[in-house]
file start.cif (mmCIF, C-alpha atoms)
data_structure
#
loop_
_atom_site.group_PDB
_atom_site.id
_atom_site.type_symbol
_atom_site.label_atom_id
_atom_site.label_comp_id
_atom_site.auth_asym_id
_atom_site.auth_seq_id
_atom_site.Cartn_x
_atom_site.Cartn_y
_atom_site.Cartn_z
ATOM 1 C CA MET W 897 -21.131 -4.160 -22.444
ATOM 2 C CA GLU W 898 -19.810 -0.773 -23.600
ATOM 3 C CA ALA W 899 -23.228 0.726 -24.303
ATOM 4 C CA ASN W 900 -21.824 4.264 -24.065
ATOM 5 C CA LYS W 901 -19.913 3.604 -27.286
ATOM 6 C CA ILE W 902 -23.163 3.477 -29.274
ATOM 7 C CA LYS W 903 -25.728 6.229 -29.677
ATOM 8 C CA GLY W 904 -28.875 4.152 -29.833
ATOM 9 C CA GLU W 905 -29.708 0.558 -29.004
ATOM 10 C CA ALA W 906 -26.631 -1.457 -28.051
ATOM 11 C CA LYS W 907 -26.368 -5.241 -28.097
ATOM 12 C CA SER W 908 -23.587 -7.599 -27.058
ATOM 13 C CA VAL W 909 -22.226 -11.018 -27.869
ATOM 14 C CA VAL W 910 -19.577 -13.143 -26.145
ATOM 15 C CA LEU W 911 -17.013 -14.666 -28.483
ATOM 16 C CA ASP W 912 -15.593 -18.162 -28.039
ATOM 17 C CA ASN W 913 -12.444 -16.708 -26.426
ATOM 18 C CA GLY W 914 -14.583 -15.029 -23.733
ATOM 19 C CA ALA W 915 -14.376 -11.478 -25.085
ATOM 20 C CA GLU W 916 -17.619 -9.490 -25.003
ATOM 21 C CA LEU W 917 -18.247 -7.301 -28.042
ATOM 22 C CA THR W 918 -20.754 -4.465 -28.157
ATOM 23 C CA TYR W 919 -22.556 -3.849 -31.439
ATOM 24 C CA CYS W 920 -25.537 -2.185 -33.060
ATOM 25 C CA GLU W 921 -27.801 -3.605 -35.737
ATOM 26 C CA LEU W 922 -29.845 -1.747 -38.359
ATOM 27 C CA GLY W 923 -31.747 -2.615 -41.520
ATOM 28 C CA GLU W 924 -32.652 -6.110 -40.316
ATOM 29 C CA GLY W 925 -35.092 -6.606 -43.174
ATOM 30 C CA ASN W 926 -32.427 -6.361 -45.865
ATOM 31 C CA GLN W 927 -30.803 -9.426 -47.428
ATOM 32 C CA GLU W 928 -27.237 -8.238 -48.034
ATOM 33 C CA VAL W 929 -25.001 -7.754 -45.023
ATOM 34 C CA LEU W 930 -22.618 -4.893 -44.306
ATOM 35 C CA VAL W 931 -20.264 -4.790 -41.324
ATOM 36 C CA SER W 932 -18.482 -1.730 -39.956
ATOM 37 C CA GLY W 933 -15.979 -1.512 -37.115
ATOM 38 C CA ALA W 934 -15.165 1.565 -35.025
ATOM 39 C CA PHE W 935 -14.122 2.604 -31.523
ATOM 40 C CA TYR W 936 -17.566 4.179 -31.121
ATOM 41 C CA PHE W 937 -20.757 4.845 -33.087
ATOM 42 C CA HIS W 938 -22.119 8.288 -32.300
ATOM 43 C CA THR W 939 -21.439 10.817 -35.064
ATOM 44 C CA PHE W 940 -21.023 7.940 -37.543
ATOM 45 C CA MET W 941 -24.527 6.614 -36.834
ATOM 46 C CA PRO W 942 -26.190 8.752 -39.549
ATOM 47 C CA VAL W 943 -23.948 7.029 -42.104
ATOM 48 C CA LEU W 944 -25.008 3.611 -40.817
ATOM 49 C CA GLU W 945 -28.642 4.696 -40.978
ATOM 50 C CA HIS W 946 -28.242 5.643 -44.639
ATOM 51 C CA LEU W 947 -26.464 2.352 -45.367
ATOM 52 C CA ALA W 948 -29.266 0.474 -43.601
ATOM 53 C CA GLN W 949 -31.706 1.641 -46.268
ATOM 54 C CA ARG W 950 -30.072 -0.988 -48.475
ATOM 55 C CA TYR W 951 -28.102 -3.363 -46.231
ATOM 56 C CA HIS W 952 -28.438 -5.319 -43.006
ATOM 57 C CA VAL W 953 -25.840 -3.368 -41.040
ATOM 58 C CA TYR W 954 -23.781 -4.422 -38.030
ATOM 59 C CA GLY W 955 -21.634 -1.818 -36.284
ATOM 60 C CA VAL W 956 -19.020 -3.570 -34.113
ATOM 61 C CA VAL W 957 -17.201 -1.701 -31.340
ATOM 62 C CA MET W 958 -13.422 -2.182 -31.408
ATOM 63 C CA ARG W 959 -12.327 -2.886 -27.816
ATOM 64 C CA PHE W 960 -9.217 -2.082 -25.779
ATOM 65 C CA ASP W 961 -9.309 -4.781 -23.112
ATOM 66 C CA GLY W 962 -10.319 -8.367 -22.436
ATOM 67 C CA PRO W 963 -8.988 -11.719 -23.723
ATOM 68 C CA ALA W 964 -6.619 -11.556 -26.696
ATOM 69 C CA ASP W 965 -5.290 -14.066 -29.219
ATOM 70 C CA GLU W 966 -3.121 -11.833 -31.409
ATOM 71 C CA LEU W 967 0.169 -11.095 -29.667
ATOM 72 C CA GLU W 968 3.404 -9.301 -30.425
ATOM 73 C CA PRO W 969 6.714 -11.223 -30.031
ATOM 74 C CA ASP W 970 7.136 -9.615 -26.591
ATOM 75 C CA GLY W 971 3.761 -10.950 -25.450
ATOM 76 C CA SER W 972 1.894 -7.639 -25.633
ATOM 77 C CA ILE W 973 -1.378 -7.468 -27.556
ATOM 78 C CA HIS W 974 -1.203 -6.656 -31.253
ATOM 79 C CA TRP W 975 -4.409 -4.637 -31.194
ATOM 80 C CA GLY W 976 -4.515 -4.042 -34.938
ATOM 81 C CA ARG W 977 -4.755 -7.755 -35.624
ATOM 82 C CA GLN W 978 -6.932 -8.363 -32.561
ATOM 83 C CA TRP W 979 -9.555 -5.898 -33.783
ATOM 84 C CA GLY W 980 -9.590 -7.750 -37.085
ATOM 85 C CA LYS W 981 -9.861 -11.155 -35.467
ATOM 86 C CA ASP W 982 -12.661 -9.862 -33.228
ATOM 87 C CA VAL W 983 -14.655 -8.745 -36.248
ATOM 88 C CA TYR W 984 -14.050 -12.045 -38.028
ATOM 89 C CA ASP W 985 -15.020 -14.051 -34.934
ATOM 90 C CA PHE W 986 -18.107 -11.850 -34.526
ATOM 91 C CA THR W 987 -19.255 -12.529 -38.085
ATOM 92 C CA GLN W 988 -18.784 -16.257 -37.646
ATOM 93 C CA LYS W 989 -20.650 -16.213 -34.331
ATOM 94 C CA MET W 990 -23.504 -14.375 -36.055
ATOM 95 C CA GLY W 991 -23.510 -16.796 -38.997
ATOM 96 C CA LEU W 992 -22.442 -14.206 -41.586
ATOM 97 C CA GLU W 993 -20.833 -16.051 -44.470
ATOM 98 C CA LYS W 994 -20.287 -13.126 -46.855
ATOM 99 C CA PHE W 995 -20.531 -9.399 -46.327
ATOM 100 C CA HIS W 996 -19.355 -5.935 -47.308
ATOM 101 C CA TYR W 997 -16.983 -4.257 -44.882
ATOM 102 C CA VAL W 998 -16.993 -0.485 -44.484
ATOM 103 C CA GLY W 999 -14.411 1.280 -42.342
ATOM 104 C CA LYS W 1000 -13.413 4.892 -41.916
ATOM 105 C CA CYS W 1001 -10.005 5.875 -40.533
ATOM 106 C CA HIS W 1002 -9.270 3.547 -37.575
ATOM 107 C CA GLY W 1003 -12.295 1.471 -38.567
ATOM 108 C CA THR W 1004 -10.494 0.298 -41.704
ATOM 109 C CA ILE W 1005 -7.992 -1.764 -39.676
ATOM 110 C CA PRO W 1006 -10.275 -4.836 -39.253
ATOM 111 C CA GLY W 1007 -11.004 -4.683 -42.968
ATOM 112 C CA TRP W 1008 -7.326 -4.977 -43.824
ATOM 113 C CA TYR W 1009 -7.042 -7.911 -41.420
ATOM 114 C CA LEU W 1010 -9.887 -9.607 -43.293
ATOM 115 C CA VAL W 1011 -8.268 -8.826 -46.646
ATOM 116 C CA LYS W 1012 -5.087 -10.543 -45.486
ATOM 117 C CA ASN W 1013 -6.480 -13.463 -43.499
ATOM 118 C CA HIS W 1014 -10.067 -14.121 -44.615
ATOM 119 C CA PRO W 1015 -10.687 -12.626 -48.068
ATOM 120 C CA GLU W 1016 -13.261 -15.343 -48.713
ATOM 121 C CA VAL W 1017 -15.793 -13.590 -46.443
ATOM 122 C CA LEU W 1018 -15.556 -10.209 -48.170
ATOM 123 C CA ASP W 1019 -17.788 -9.071 -51.002
ATOM 124 C CA THR W 1020 -16.105 -5.651 -50.989
ATOM 125 C CA PHE W 1021 -14.029 -3.477 -48.674
ATOM 126 C CA ALA W 1022 -14.527 0.293 -48.403
ATOM 127 C CA SER W 1023 -11.366 1.741 -46.843
ATOM 128 C CA PHE W 1024 -12.364 5.370 -46.366
ATOM 129 C CA TYR W 1025 -9.949 8.172 -45.358
ATOM 130 C CA LEU W 1026 -7.099 5.711 -44.744
ATOM 131 C CA ALA W 1027 -4.793 3.473 -46.781
ATOM 132 C CA PRO W 1028 -1.717 1.398 -45.928
ATOM 133 C CA HIS W 1029 1.365 3.571 -45.501
ATOM 134 C CA ILE W 1030 3.930 1.957 -47.761
ATOM 135 C CA LYS W 1031 5.875 5.193 -48.206
ATOM 136 C CA GLY W 1032 5.788 6.340 -44.602
ATOM 137 C CA GLN W 1033 4.641 9.680 -43.219
ATOM 138 C CA THR W 1034 5.091 12.975 -45.070
ATOM 139 C CA ALA W 1035 4.118 15.406 -42.286
ATOM 140 C CA ASN W 1036 2.545 15.384 -38.823
ATOM 141 C CA SER W 1037 0.138 18.320 -38.906
ATOM 142 C CA TRP W 1038 -2.843 16.372 -37.535
ATOM 143 C CA PHE W 1039 -1.223 15.144 -34.337
ATOM 144 C CA GLU W 1040 0.765 18.326 -33.799
ATOM 145 C CA LEU W 1041 -2.581 20.052 -33.269
ATOM 146 C CA MET W 1042 -3.070 17.905 -30.173
ATOM 147 C CA GLY W 1043 -0.694 20.290 -28.440
ATOM 148 C CA GLN W 1044 -3.386 22.937 -28.821
ATOM 149 C CA GLY W 1045 -6.047 20.684 -27.350
ATOM 150 C CA LEU W 1046 -8.483 18.061 -28.608
ATOM 151 C CA GLU W 1047 -11.083 20.667 -29.576
ATOM 152 C CA LYS W 1048 -8.602 22.463 -31.852
ATOM 153 C CA MET W 1049 -7.552 19.177 -33.417
ATOM 154 C CA MET W 1050 -11.145 18.219 -34.167
ATOM 155 C CA SER W 1051 -12.119 21.674 -35.427
ATOM 156 C CA VAL W 1052 -9.835 21.389 -38.470
ATOM 157 C CA ALA W 1053 -11.336 18.011 -39.343
ATOM 158 C CA MET W 1054 -14.737 19.323 -40.446
ATOM 159 C CA ARG W 1055 -16.194 21.949 -42.750
ATOM 160 C CA LYS W 1056 -19.225 22.927 -40.679
ATOM 161 C CA PRO W 1057 -18.471 24.550 -37.309
ATOM 162 C CA GLU W 1058 -21.748 23.310 -35.837
ATOM 163 C CA GLY W 1059 -20.394 19.767 -36.032
ATOM 164 C CA LEU W 1060 -17.778 20.488 -33.384
ATOM 165 C CA LYS W 1061 -20.333 20.455 -30.547
ATOM 166 C CA ALA W 1062 -21.559 17.010 -31.604
ATOM 167 C CA LYS W 1063 -18.003 15.706 -31.876
ATOM 168 C CA MET W 1064 -16.986 16.963 -28.455
ATOM 169 C CA GLU W 1065 -20.167 15.508 -26.927
ATOM 170 C CA GLU W 1066 -19.227 12.206 -28.519
ATOM 171 C CA MET W 1067 -15.723 12.314 -27.040
ATOM 172 C CA ALA W 1068 -17.166 13.099 -23.606
ATOM 173 C CA ALA W 1069 -19.653 10.213 -23.869
ATOM 174 C CA ILE W 1070 -17.032 7.578 -24.630
ATOM 175 C CA GLY W 1071 -14.692 8.592 -21.813
ATOM 176 C CA ASP W 1072 -10.935 8.145 -22.014
ATOM 177 C CA SER W 1073 -10.809 4.862 -23.938
ATOM 178 C CA ALA W 1074 -9.772 6.639 -27.141
ATOM 179 C CA GLN W 1075 -6.604 7.713 -25.301
ATOM 180 C CA SER W 1076 -5.381 4.106 -25.194
ATOM 181 C CA PRO W 1077 -1.746 3.576 -26.301
ATOM 182 C CA ALA W 1078 -3.200 1.247 -28.958
ATOM 183 C CA VAL W 1079 -4.633 4.250 -30.826
ATOM 184 C CA PRO W 1080 -1.419 5.892 -32.120
ATOM 185 C CA LYS W 1081 0.364 2.547 -32.481
ATOM 186 C CA TYR W 1082 -2.233 0.634 -34.495
ATOM 187 C CA ALA W 1083 -5.255 2.764 -35.400
ATOM 188 C CA SER W 1084 -3.598 4.652 -38.256
ATOM 189 C CA ALA W 1085 -1.353 1.857 -39.507
ATOM 190 C CA PRO W 1086 -3.077 -0.745 -41.717
ATOM 191 C CA GLU W 1087 0.339 -1.883 -42.916
ATOM 192 C CA LYS W 1088 1.029 -3.323 -39.440
ATOM 193 C CA ILE W 1089 -1.438 -6.116 -40.159
ATOM 194 C CA TRP W 1090 1.401 -7.599 -42.206
ATOM 195 C CA ASP W 1091 4.810 -8.626 -40.864
ATOM 196 C CA SER W 1092 6.580 -6.052 -43.026
ATOM 197 C CA VAL W 1093 5.860 -3.081 -45.265
ATOM 198 C CA GLU W 1094 7.261 -5.080 -48.182
ATOM 199 C CA GLU W 1095 4.778 -7.888 -47.563
ATOM 200 C CA CYS W 1096 1.930 -5.370 -47.420
ATOM 201 C CA ASP W 1097 3.127 -3.806 -50.662
ATOM 202 C CA GLU W 1098 3.045 -7.148 -52.445
ATOM 203 C CA ALA W 1099 -0.413 -7.869 -51.056
ATOM 204 C CA LEU W 1100 -1.822 -4.589 -52.406
ATOM 205 C CA LYS W 1101 -0.603 -5.458 -55.882
ATOM 206 C CA SER W 1102 -2.315 -8.851 -55.912
ATOM 207 C CA LEU W 1103 -5.642 -8.285 -54.148
ATOM 208 C CA THR W 1104 -8.704 -10.293 -55.107
ATOM 209 C CA VAL W 1105 -11.134 -8.266 -52.934
ATOM 210 C CA PRO W 1106 -12.528 -5.033 -54.465
ATOM 211 C CA VAL W 1107 -11.202 -2.074 -52.457
ATOM 212 C CA GLY W 1108 -12.670 1.419 -52.489
ATOM 213 C CA TYR W 1109 -10.773 4.446 -51.218
ATOM 214 C CA CYS W 1110 -12.359 7.814 -50.419
ATOM 215 C CA PHE W 1111 -10.518 10.949 -49.307
ATOM 216 C CA GLY W 1112 -11.372 14.601 -48.800
ATOM 217 C CA THR W 1113 -9.000 17.187 -50.219
ATOM 218 C CA ILE W 1114 -8.766 19.139 -46.966
ATOM 219 C CA ASP W 1115 -8.300 16.106 -44.734
ATOM 220 C CA PRO W 1116 -5.062 16.659 -42.760
ATOM 221 C CA LEU W 1117 -4.375 12.923 -42.910
ATOM 222 C CA LEU W 1118 -4.498 12.952 -46.703
ATOM 223 C CA GLN W 1119 -1.649 15.458 -46.658
ATOM 224 C CA ASP W 1120 0.257 13.939 -43.720
ATOM 225 C CA TYR W 1121 0.511 10.639 -45.599
ATOM 226 C CA TRP W 1122 0.464 12.081 -49.101
ATOM 227 C CA ASP W 1123 3.144 9.849 -50.637
ATOM 228 C CA SER W 1124 1.671 6.721 -49.070
ATOM 229 C CA ASN W 1125 -1.897 7.578 -50.045
ATOM 230 C CA LEU W 1126 -0.931 8.293 -53.622
ATOM 231 C CA TYR W 1127 1.082 5.077 -53.769
ATOM 232 C CA ALA W 1128 -1.842 3.022 -52.452
ATOM 233 C CA ILE W 1129 -4.251 4.632 -54.906
ATOM 234 C CA MET W 1130 -1.920 3.789 -57.783
ATOM 235 C CA ASN W 1131 -0.858 0.310 -56.662
ATOM 236 C CA THR W 1132 -3.862 -1.391 -55.029
ATOM 237 C CA LYS W 1133 -5.000 -3.863 -57.647
ATOM 238 C CA GLY W 1134 -8.400 -2.965 -59.063
ATOM 239 C CA ALA W 1135 -9.033 -0.222 -56.508
ATOM 240 C CA ARG W 1136 -11.614 2.490 -57.038
ATOM 241 C CA THR W 1137 -10.706 5.880 -55.562
ATOM 242 C CA VAL W 1138 -12.816 8.987 -55.063
ATOM 243 C CA ILE W 1139 -11.300 12.267 -53.901
ATOM 244 C CA LEU W 1140 -13.935 14.751 -52.817
ATOM 245 C CA GLU W 1141 -12.899 18.373 -53.221
ATOM 246 C CA GLY W 1142 -13.544 20.478 -50.154
ATOM 247 C CA GLU W 1143 -14.316 17.588 -47.803
ATOM 248 C CA CYS W 1144 -12.395 16.927 -44.609
ATOM 249 C CA HIS W 1145 -11.597 14.028 -42.296
ATOM 250 C CA LEU W 1146 -14.898 14.040 -40.420
ATOM 251 C CA MET W 1147 -17.109 14.180 -43.473
ATOM 252 C CA GLU W 1148 -19.569 11.888 -41.691
ATOM 253 C CA LEU W 1149 -20.430 15.007 -39.662
ATOM 254 C CA ASP W 1150 -20.603 17.345 -42.641
ATOM 255 C CA CYS W 1151 -22.371 15.099 -45.151
ATOM 256 C CA PRO W 1152 -23.272 11.577 -43.949
ATOM 257 C CA ASP W 1153 -25.512 11.018 -46.959
ATOM 258 C CA ARG W 1154 -22.580 11.718 -49.273
ATOM 259 C CA VAL W 1155 -20.374 9.214 -47.457
ATOM 260 C CA ALA W 1156 -23.074 6.547 -47.771
ATOM 261 C CA ALA W 1157 -23.614 7.426 -51.428
ATOM 262 C CA GLU W 1158 -19.929 6.791 -52.111
ATOM 263 C CA VAL W 1159 -20.216 3.380 -50.448
ATOM 264 C CA PHE W 1160 -23.222 2.544 -52.629
ATOM 265 C CA ALA W 1161 -21.459 3.746 -55.770
ATOM 266 C CA PHE W 1162 -18.311 1.753 -54.977
ATOM 267 C CA ILE W 1163 -20.232 -1.471 -54.372
ATOM 268 C CA ASP W 1164 -22.299 -0.978 -57.531
ATOM 269 C CA GLU W 1165 -19.180 -0.328 -59.622
ATOM 270 C CA SER W 1166 -17.356 -3.317 -58.150
ATOM 271 C CA ARG W 1167 -20.016 -5.612 -59.588
ATOM 272 C CA LYS W 1168 -19.363 -4.522 -63.145
ATOM 273 C CA GLY W 1169 -16.158 -6.536 -63.253
ATOM 274 C CA TYR W 1170 -13.916 -3.973 -64.893
#
call {"tool": "encode", "arguments": {"input": "start.cif", "output": "structure tokens"}}
result
Amino acid sequence: MEANKIKGEAKSVVLDNGAELTYCELGEGNQEVLVSGAFYFHTFMPVLEHLAQRYHVYGVVMRFDGPADELEPDGSIHWGRQWGKDVYDFTQKMGLEKFHYVGKCHGTIPGWYLVKNHPEVLDTFASFYLAPHIKGQTANSWFELMGQGLEKMMSVAMRKPEGLKAKMEEMAAIGDSAQSPAVPKYASAPEKIWDSVEECDEALKSLTVPVGYCFGTIDPLLQDYWDSNLYAIMNTKGARTVILEGECHLMELDCPDRVAAEVFAFIDESRKGY
């Protein structure tokens, strides 16, 4: 069990394929279920705690090793799809028939897998800070900062300087797993859930699951994928999009209550059937 990936009580479950997943559980007394996937739950925990005021929340850790069912043609693991299948298999193991899925950045990838392969289980899907990249990449400012060190890269992703200490403590706690080759290949590419960009494009235009996008205006990844983000906003059927002026990529550090409020607002609006 990867207990270091969760700040708080960690639980685990073994899937039918033998993979062990680590997860956290909050808001057990609530009726409606909300699932969130991420590589780790440290600085994102305050968001889950806010969401747990209204929902029975499961935070599922996205793994980098163990048994795999989703493979590339060359036999290597297609981690984007595997993360999605893990989350689906987890929900079935836990007896969750219908739920909301909330992902931020890399955590949106399982949600897109569910949209494509198991839309019947989704009430709604909040895809925050990330959308499929139909129009490719506009710039590379975010990852170019890696050349100046991880701390520099993270410092431009938040408004409040005091959040940097918490973020760096988080990175130290989880070890080097976030440096897996699966991160750059799959974690920022929801479109790779599909066999082609064209297939993803068609899927966006015919969705039956309510999708909510949320971006901050000073998020480097909003700008780096500007054309793709704008295209997704304009072409995802029935999508609701909120762009928060002055917010950045790690807004869960700067304003976790605001992130949760946008999830609540999206779910409430989705039920009005516009």
call {"tool": "resolve_selection", "arguments": {"input": "start.cif", "expression": "the PyMOL selection byres ((chain W and resi 975) around 9)", "output": "PyMOL selection string"}}
result
chain W and resi 959-960+964+966-967+972-974+976-980+1078-1079+1081-1083
call {"tool": "write_last_selection", "arguments": {"input": "start.cif", "atoms": "C-alpha atoms", "output": "mmCIF file, in the coordinates of the input"}}
result
data_model
loop_
_atom_site.group_PDB
_atom_site.id
_atom_site.type_symbol
_atom_site.label_atom_id
_atom_site.label_comp_id
_atom_site.auth_asym_id
_atom_site.auth_seq_id
_atom_site.Cartn_x
_atom_site.Cartn_y
_atom_site.Cartn_z
ATOM 1 C CA ARG W 959 -12.327 -2.886 -27.816
ATOM 2 C CA PHE W 960 -9.217 -2.082 -25.779
ATOM 3 C CA ALA W 964 -6.619 -11.556 -26.696
ATOM 4 C CA GLU W 966 -3.121 -11.833 -31.409
ATOM 5 C CA LEU W 967 0.169 -11.095 -29.667
ATOM 6 C CA SER W 972 1.894 -7.639 -25.633
ATOM 7 C CA ILE W 973 -1.378 -7.468 -27.556
ATOM 8 C CA HIS W 974 -1.203 -6.656 -31.253
ATOM 9 C CA GLY W 976 -4.515 -4.042 -34.938
ATOM 10 C CA ARG W 977 -4.755 -7.755 -35.624
ATOM 11 C CA GLN W 978 -6.932 -8.363 -32.561
ATOM 12 C CA TRP W 979 -9.555 -5.898 -33.783
ATOM 13 C CA GLY W 980 -9.590 -7.750 -37.085
ATOM 14 C CA ALA W 1078 -3.200 1.247 -28.958
ATOM 15 C CA VAL W 1079 -4.633 4.250 -30.826
ATOM 16 C CA LYS W 1081 0.364 2.547 -32.481
ATOM 17 C CA TYR W 1082 -2.233 0.634 -34.495
ATOM 18 C CA ALA W 1083 -5.255 2.764 -35.400
#
call {"tool": "residues_around", "arguments": {"input": "start.cif", "residues": "Val957 (chain W)", "least_positions_apart": "5", "cutoff": "9 Å", "atoms": "all atoms listed in the file", "output": "list in words"}}
result
Glu898, Lys901, Ile902, Leu917, Thr918, Tyr919, Cys920, Ser932, Gly933, Ala934, Phe935, Tyr936, Phe937 and Val983 of chain W
call {"tool": "write_last_selection", "arguments": {"input": "start.cif", "atoms": "C-alpha atoms", "output": "CSV table (one decimal), in the frame of the given file"}}
result
chain,number,residue,atom,x,y,z
W,898,GLU,CA,-19.8,-0.8,-23.6
W,901,LYS,CA,-19.9,3.6,-27.3
W,902,ILE,CA,-23.2,3.5,-29.3
W,917,LEU,CA,-18.2,-7.3,-28.0
W,918,THR,CA,-20.8,-4.5,-28.2
W,919,TYR,CA,-22.6,-3.8,-31.4
W,920,CYS,CA,-25.5,-2.2,-33.1
W,932,SER,CA,-18.5,-1.7,-40.0
W,933,GLY,CA,-16.0,-1.5,-37.1
W,934,ALA,CA,-15.2,1.6,-35.0
W,935,PHE,CA,-14.1,2.6,-31.5
W,936,TYR,CA,-17.6,4.2,-31.1
W,937,PHE,CA,-20.8,4.8,-33.1
W,983,VAL,CA,-14.7,-8.7,-36.2
call {"tool": "resolve_selection", "arguments": {"input": "start.cif", "expression": "the PyMOL selection byres ((chain W and resi 1005) around 7)", "output": "PyMOL selection string"}}
result
chain W and resi 976+980+1002-1004+1006-1009+1083+1086
call {"tool": "resolve_selection", "arguments": {"input": "start.cif", "expression": "the PyMOL selection byres ((chain W and resi 1148) around 12)", "output": "ChimeraX atom specification"}}
result
/W:937-946,999-1001,1024-1025,1053-1056,1059,1062-1063,1111-1112,1143-1147,1149-1158
call {"tool": "residues_around", "arguments": {"input": "start.cif", "residues": "Val1093 (chain W)", "least_positions_apart": "5", "cutoff": "12 Å", "atoms": "all atoms listed in the file", "output": "mmCIF file with C-alpha atoms, keeping the file's coordinate frame"}}
result
data_model
loop_
_atom_site.group_PDB
_atom_site.id
_atom_site.type_symbol
_atom_site.label_atom_id
_atom_site.label_comp_id
_atom_site.auth_asym_id
_atom_site.auth_seq_id
_atom_site.Cartn_x
_atom_site.Cartn_y
_atom_site.Cartn_z
ATOM 1 C CA PRO W 1028 -1.717 1.398 -45.928
ATOM 2 C CA HIS W 1029 1.365 3.571 -45.501
ATOM 3 C CA ILE W 1030 3.930 1.957 -47.761
ATOM 4 C CA LYS W 1031 5.875 5.193 -48.206
ATOM 5 C CA GLY W 1032 5.788 6.340 -44.602
ATOM 6 C CA ALA W 1085 -1.353 1.857 -39.507
ATOM 7 C CA PRO W 1086 -3.077 -0.745 -41.717
ATOM 8 C CA GLU W 1087 0.339 -1.883 -42.916
ATOM 9 C CA LYS W 1088 1.029 -3.323 -39.440
ATOM 10 C CA GLU W 1098 3.045 -7.148 -52.445
ATOM 11 C CA ALA W 1099 -0.413 -7.869 -51.056
ATOM 12 C CA LEU W 1100 -1.822 -4.589 -52.406
ATOM 13 C CA SER W 1124 1.671 6.721 -49.070
#
call {"tool": "closest_residue", "arguments": {"input": "start.cif", "among": "W:Ile1163, W:Ile1114, W:Val1138, W:Val1052", "to": "Phe995 (chain W)", "atoms": "only C-alpha atoms"}}
result
W:Ile1163
call {"tool": "atom_distance", "arguments": {"input": "start.cif", "atom1": "CA of Ala1035 (chain W)", "atom2": "CA of Ile1129 (chain W)"}}
result
18.6 Å
call {"tool": "atom_distance", "arguments": {"input": "start.cif", "atom1": "CA of Lys994 (chain W)", "atom2": "CA of Val1017 (chain W)"}}
result
4.5 Å
call {"tool": "residues_around", "arguments": {"input": "start.cif", "residues": "Ser1166 (chain W)", "least_positions_apart": "5", "cutoff": "10 Å", "atoms": "all atoms listed in the file", "output": "PyMOL selection string"}}
result
chain W and resi 1019-1020+1105-1108+1134-1136+1160-1161
call {"tool": "write_last_selection", "arguments": {"input": "start.cif", "atoms": "C-alpha atoms", "output": "short mmCIF file (atom, residue, chain, number, x, y, z; two decimals), in the frame of the given file"}}
result
data_model
loop_
_atom_site.label_atom_id
_atom_site.label_comp_id
_atom_site.auth_asym_id
_atom_site.auth_seq_id
_atom_site.Cartn_x
_atom_site.Cartn_y
_atom_site.Cartn_z
CA ASP W 1019 -17.79 -9.07 -51.00
CA THR W 1020 -16.10 -5.65 -50.99
CA VAL W 1105 -11.13 -8.27 -52.93
CA PRO W 1106 -12.53 -5.03 -54.46
CA VAL W 1107 -11.20 -2.07 -52.46
CA GLY W 1108 -12.67 1.42 -52.49
CA GLY W 1134 -8.40 -2.96 -59.06
CA ALA W 1135 -9.03 -0.22 -56.51
CA ARG W 1136 -11.61 2.49 -57.04
CA PHE W 1160 -23.22 2.54 -52.63
CA ALA W 1161 -21.46 3.75 -55.77
#
call {"tool": "closest_residue", "arguments": {"input": "start.cif", "among": "W:His1014, W:Lys1133, W:Lys907, W:His996", "to": "Phe1162 (chain W)", "atoms": "all atoms listed in the file"}}
result
W:His996
call {"tool": "closest_residue", "arguments": {"input": "start.cif", "among": "W:Tyr984, W:Tyr954, W:Phe1039, W:Phe1021", "to": "Pro1116 (chain W)", "atoms": "all atoms listed in the file"}}
result
W:Phe1039
call {"tool": "atom_distance", "arguments": {"input": "start.cif", "atom1": "CA of Glu1094 (chain W)", "atom2": "CA of Leu1010 (chain W)"}}
result
18.4 Å
call {"tool": "residues_around", "arguments": {"input": "start.cif", "residues": "Val910 (chain W)", "least_positions_apart": "3", "cutoff": "10 Å", "atoms": "all atoms listed in the file", "output": "VMD selection string"}}
result
chain W and resid 897 913 to 918 985 to 986 989
call {"tool": "write_last_selection", "arguments": {"input": "start.cif", "atoms": "C-alpha atoms", "output": "CSV table (one decimal), in the frame of the given file"}}
result
chain,number,residue,atom,x,y,z
W,897,MET,CA,-21.1,-4.2,-22.4
W,913,ASN,CA,-12.4,-16.7,-26.4
W,914,GLY,CA,-14.6,-15.0,-23.7
W,915,ALA,CA,-14.4,-11.5,-25.1
W,916,GLU,CA,-17.6,-9.5,-25.0
W,917,LEU,CA,-18.2,-7.3,-28.0
W,918,THR,CA,-20.8,-4.5,-28.2
W,985,ASP,CA,-15.0,-14.1,-34.9
W,986,PHE,CA,-18.1,-11.8,-34.5
W,989,LYS,CA,-20.6,-16.2,-34.3
call {"tool": "closest_residue", "arguments": {"input": "start.cif", "among": "W:Pro969, W:Pro963, W:Gly1142, W:Gly904", "to": "Lys981 (chain W)", "atoms": "all atoms listed in the file"}}
result
W:Pro963
